[in-house]
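Structure, as structure tokens:
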Amino acid sequence: MKIFLTNDDGYYSSGIQTLADLLATAGHEVRAVAPLEEHSGAGHSLSLHKTLRYRAVEFPHGVTAYALNGTPADCVKFGVMELFNGERFDLVISGINNVLNIGTDIVYSGTFNAAMEGTICGIPSIAVSTRSKDDDFLYPAEFIVKNLEHFIVPSLKDSTLNINIPYNKADKNKGVCITTLGEVRYSDAYRVVGEDADGGKEYLLYGNPVWEHPNEDSCDFIKTKEGYITITPILIHAADKKAMRQLSAKDIRP
């Protein structure tokens with residue numbers, strides 16, 4: 001396969017480097033465009049009023065790779081349309097991220113939204129995340145490389161696969177579940193952490209997951225908590241048909 005790699009942790013991250021290494025070793029043709037700096041929480045933002053610059057960077061096995069001074073979604077869009085214009089990719093993989101991206105967190109996730117940009121570009125795309133406190137991504141990368149053929153299904157023209165591997169060691173994961181998308185809530189709060197030069201307050205956002213928030217047993221939030229690898233197809237055309245019918249019944253006038 002010809003595979004396009006990106007992430008939101010930066011081109012130097014062990015997650016993307018390990019994945020590039022294993023993919024190239026397995027005989028796949030790999031290209032990579034990743035952010036010059038970390039862009040966690042960037043969502044699907046694009047650099048509309050900022051000039052983009054790139055430079056070649058070193059990757060395992062001589063993989064052609066570039067660092068871009070943009071967002072994760074920029075990396076996919078710019079890479080496909082400009083840097084590798086004319087090349088046909090079989091798959092976009094975003095990751096491997098070093099924390100899970102589950103439930104409604106995907107709205108904020110640079111990892112997931114980079115993959116979704118691949119879907120928008122017409123390429124089957126997956127986002128991959130794990131918990132890796134020790135910077136070890138070997139098992140998650142092995143899992144992806146081993147199952148590549150299984151991930152590419154016809155519905156990927158309309159959806160992006162979100163894959164979460166709760167443990168980065170093989171023997172800790174209980175199995176694999178195909179799941180729905182859960183809902184993640186936080187006990188969010190902004191805290192004052194200092195003052196700027198003009199005496200204005202400086203804030204940081206803090207929060208912890210509210211685990212007791214109701215979720216279906218079959219969702220990614222619950223299944224990763226139970227120790228299962230989750231695979232969740234997310235539609236890019238997300239119109240709510242139930243709400244459409246309800247709105248159509250209203251007398252909405254111009």
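Residue names in the structure tokens use chain letters A, B, ... in the order shown, residue numbers from 1 in each chain, and ligand numbers from 1 in the order shown.
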
Closest pair table for range 17-50 of chain A residues within 6 Å of range 55-71 of chain A, only C-alpha atoms, as JSON lines:
```
{"residue": "A:Asp21", "atom": "CA", "partner": "A:Pro60", "partner_atom": "CA", "distance": 5.3}
{"residue": "A:Arg31", "atom": "CA", "partner": "A:Thr64", "partner_atom": "CA", "distance": 5.3}
{"residue": "A:Ala32", "atom": "CA", "partner": "A:Ala65", "partner_atom": "CA", "distance": 4.5}
{"residue": "A:Val33", "atom": "CA", "partner": "A:Tyr66", "partner_atom": "CA", "distance": 4.8}
{"residue": "A:Ala34", "atom": "CA", "partner": "A:Ala67", "partner_atom": "CA", "distance": 5.2}
{"residue": "A:Pro35", "atom": "CA", "partner": "A:Leu68", "partner_atom": "CA", "distance": 5.0}
{"residue": "A:Leu36", "atom": "CA", "partner": "A:Ala67", "partner_atom": "CA", "distance": 4.9}
```

Generate the output file for the selected residues, C-alpha atoms, as an mmCIF file, in the first residue's frame.
```
data_model
loop_
_atom_site.group_PDB
_atom_site.id
_atom_site.type_symbol
_atom_site.label_atom_id
_atom_site.label_comp_id
_atom_site.auth_asym_id
_atom_site.auth_seq_id
_atom_site.Cartn_x
_atom_site.Cartn_y
_atom_site.Cartn_z
ATOM 1 C CA ASP A 21 9.307 2.144 10.819
ATOM 2 C CA ARG A 31 5.003 9.331 2.965
ATOM 3 C CA ALA A 32 4.675 11.615 5.985
ATOM 4 C CA VAL A 33 3.730 15.212 6.656
ATOM 5 C CA ALA A 34 3.418 16.141 10.321
ATOM 6 C CA PRO A 35 3.345 19.362 12.331
ATOM 7 C CA LEU A 36 6.576 21.118 13.156
#
```

Hey, what's within 9 Å of Cys219 in chain A if we count only C-alpha atoms and toss same-chain stuff fewer than 6 positions away? As a ChimeraX atom specification, please?
-> /A:103,178-183,230,232

Got a sec to tell me which of range 16-219 of chain A DSSP assigns to strand (DSSP E or B), as a PyMOL selection string?
-> chain A and resi 29-35+54-56+64-68+91-97+125-130+159-165+175-178+180+186+189-195+201-206+209+219

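Here CA of Ile93 in chain A stands at a distance of 29.7 Å from CA of Val210 in chain A.
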
With only C-alpha atoms as the basis for distance, which of A:Thr51, A:Gly175, A:Ala20, A:Asn97 is at the shortest distance from Glu226 in chain A?
-> A:Gly175

Closest to Thr160 in chain A among A:Cys121, A:Cys177, A:Val30, A:Leu204, using only C-alpha atoms?
-> A:Cys121

Using CA of Ile165 in chain A and CA of Ser129 in chain A as the two end points, give the distance in Å to one decimal.
-> 6.1 Å

Where in range 136-226 of chain A does DSSP assign alpha helix (DSSP H), given as a PyMOL selection string?
-> chain A and resi 138-146+148-151+220-225

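For the residues A:Asp105, A:Phe137, A:Arg131, A:Leu46, ranking by smallest atom-to-atom distance to Ile16 in chain A using only C-alpha atoms places A:Phe137 first.
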
For CA of Ser159 in chain A and CA of Lys2 in chain A, quote the distance in Å rounded to one decimal.
-> 19.6 Å

Residue nearest Glu29 in chain A among A:Lys250, A:Tyr11, A:Leu52, A:Phe89 (counting only C-alpha atoms) | A:Phe89

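The smallest atom-to-atom distance between Gly95 in chain A and any of A:Ile163, A:Glu82, A:Tyr108, A:Ile236, using only C-alpha atoms, is found for A:Ile163.
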
With a distance cut-off of 10 Å and only C-alpha atoms, select the neighbouring residues of Ala189 in chain A, excluding the residue or stretch itself and same-chain residues fewer than 4 positions from it, and output the selection as a VMD selection string.
-> chain A and resid 203 to 208

Mind writing the picked residues with N, CA and C atoms as a PDB file, in the first residue's frame?
```
ATOM      1  N   TYR A 203      -5.073  32.529  32.207  1.00  0.00           N
ATOM      2  CA  TYR A 203      -5.873  31.378  32.604  1.00  0.00           C
ATOM      3  C   TYR A 203      -5.401  30.104  31.914  1.00  0.00           C
ATOM      4  N   LEU A 204      -5.598  28.984  32.585  1.00  0.00           N
ATOM      5  CA  LEU A 204      -5.445  27.659  31.988  1.00  0.00           C
ATOM      6  C   LEU A 204      -6.708  26.853  32.274  1.00  0.00           C
ATOM      7  N   LEU A 205      -7.065  25.983  31.306  1.00  0.00           N
ATOM      8  CA  LEU A 205      -8.235  25.131  31.459  1.00  0.00           C
ATOM      9  C   LEU A 205      -7.824  23.824  32.129  1.00  0.00           C
ATOM     10  N   TYR A 206      -8.544  23.448  33.174  1.00  0.00           N
ATOM     11  CA  TYR A 206      -8.311  22.192  33.872  1.00  0.00           C
ATOM     12  C   TYR A 206      -9.602  21.380  33.860  1.00  0.00           C
ATOM     13  N   GLY A 207      -9.486  20.066  34.012  1.00  0.00           N
ATOM     14  CA  GLY A 207     -10.687  19.252  34.101  1.00  0.00           C
ATOM     15  C   GLY A 207     -10.373  17.774  34.152  1.00  0.00           C
ATOM     16  N   ASN A 208     -11.262  17.022  34.745  1.00  0.00           N
ATOM     17  CA  ASN A 208     -11.153  15.567  34.800  1.00  0.00           C
ATOM     18  C   ASN A 208     -12.424  14.942  34.250  1.00  0.00           C
TER      19      ASN A 208
END
```

Closest to Gly10 in chain A among A:Asn215, A:Asn168, A:Thr130, A:Ser94, using only C-alpha atoms?
->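 Looking only at the distances to Gly10 in chain A, the closest residue turns out to be A:Ser94.
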
Name the residues in contact with range 117-119 of chain A at a cut-off of 10 Å, using only C-alpha atoms, excluding same-chain residues fewer than 2 positions from it; report them as a compact mmCIF listing (two decimals) with N, CA and C atoms, in the first residue's frame.
```txt
# COMPACT_ATOMS: atom_id res chain seq x y z
N PHE A 4 -0.12 7.50 3.67
CA PHE A 4 0.20 8.87 4.10
C PHE A 4 0.09 8.92 5.62
N HIS A 44 -10.20 20.60 13.73
CA HIS A 44 -10.08 20.58 12.27
C HIS A 44 -9.65 21.93 11.72
N PRO A 72 -2.60 19.83 12.11
CA PRO A 72 -2.70 18.47 11.56
C PRO A 72 -3.53 18.40 10.28
N ALA A 73 -4.68 19.10 10.24
CA ALA A 73 -5.49 19.10 9.02
C ALA A 73 -4.74 19.77 7.88
N ASP A 74 -3.98 20.83 8.17
CA ASP A 74 -3.11 21.45 7.15
C ASP A 74 -2.17 20.42 6.54
N CYS A 75 -1.58 19.59 7.41
CA CYS A 75 -0.58 18.62 6.95
C CYS A 75 -1.17 17.68 5.91
N VAL A 76 -2.39 17.22 6.14
CA VAL A 76 -3.02 16.31 5.18
C VAL A 76 -3.38 17.05 3.90
N LYS A 77 -4.04 18.18 4.04
CA LYS A 77 -4.51 18.93 2.88
C LYS A 77 -3.32 19.39 2.02
N VAL A 80 -1.38 16.23 0.48
CA VAL A 80 -2.07 15.57 -0.64
C VAL A 80 -2.16 16.48 -1.86
N PHE A 89 -2.90 7.73 -2.89
CA PHE A 89 -2.72 7.05 -1.62
C PHE A 89 -3.85 6.06 -1.36
N LEU A 91 -4.31 4.90 1.81
CA LEU A 91 -4.75 5.07 3.19
C LEU A 91 -4.04 6.26 3.83
N VAL A 92 -4.77 7.00 4.64
CA VAL A 92 -4.20 8.01 5.54
C VAL A 92 -4.29 7.47 6.96
N ILE A 93 -3.18 7.52 7.69
CA ILE A 93 -3.18 7.14 9.10
C ILE A 93 -2.69 8.35 9.91
N SER A 94 -3.48 8.74 10.89
CA SER A 94 -3.10 9.83 11.79
C SER A 94 -2.79 9.24 13.16
N PHE A 112 -7.72 12.94 15.32
CA PHE A 112 -8.89 12.47 14.58
C PHE A 112 -9.21 13.36 13.39
N ASN A 113 -9.15 14.66 13.58
CA ASN A 113 -9.55 15.57 12.50
C ASN A 113 -8.56 15.59 11.34
N ALA A 114 -7.30 15.26 11.59
CA ALA A 114 -6.37 15.08 10.48
C ALA A 114 -6.81 13.90 9.63
N ALA A 115 -7.23 12.81 10.29
CA ALA A 115 -7.74 11.66 9.55
C ALA A 115 -9.01 12.01 8.79
N CYS A 121 -10.65 14.35 1.55
CA CYS A 121 -9.84 14.33 0.33
C CYS A 121 -10.10 13.08 -0.52
N GLY A 122 -10.97 12.20 -0.05
CA GLY A 122 -11.33 11.02 -0.81
C GLY A 122 -10.45 9.81 -0.58
N ILE A 123 -9.71 9.80 0.53
CA ILE A 123 -8.80 8.70 0.84
C ILE A 123 -9.29 7.98 2.09
N PRO A 124 -9.38 6.65 2.10
CA PRO A 124 -9.72 5.93 3.33
C PRO A 124 -8.77 6.35 4.45
N SER A 125 -9.32 6.64 5.62
CA SER A 125 -8.49 7.25 6.67
C SER A 125 -8.83 6.71 8.05
N ILE A 126 -7.80 6.56 8.88
CA ILE A 126 -7.98 6.11 10.25
C ILE A 126 -7.16 6.97 11.20
N LEU A 156 -15.72 3.38 4.07
CA LEU A 156 -14.73 4.41 4.42
C LEU A 156 -14.76 5.61 3.48
N LYS A 157 -15.49 5.52 2.38
CA LYS A 157 -15.64 6.71 1.54
C LYS A 157 -16.51 7.75 2.24
N ASP A 158 -17.30 7.33 3.21
CA ASP A 158 -18.18 8.24 3.94
C ASP A 158 -17.83 8.39 5.40
N SER A 159 -16.87 7.63 5.90
CA SER A 159 -16.58 7.68 7.33
C SER A 159 -15.09 7.56 7.59
N THR A 160 -14.71 7.94 8.81
CA THR A 160 -13.33 7.87 9.28
C THR A 160 -13.28 6.90 10.45
N LEU A 161 -12.32 5.99 10.45
CA LEU A 161 -12.20 5.05 11.57
C LEU A 161 -11.42 5.69 12.72
N LEU A 235 -19.19 8.99 10.67
CA LEU A 235 -19.64 9.57 9.41
C LEU A 235 -19.23 11.03 9.31
N ILE A 236 -18.81 11.44 8.11
CA ILE A 236 -18.50 12.87 7.91
C ILE A 236 -19.76 13.65 7.54
```
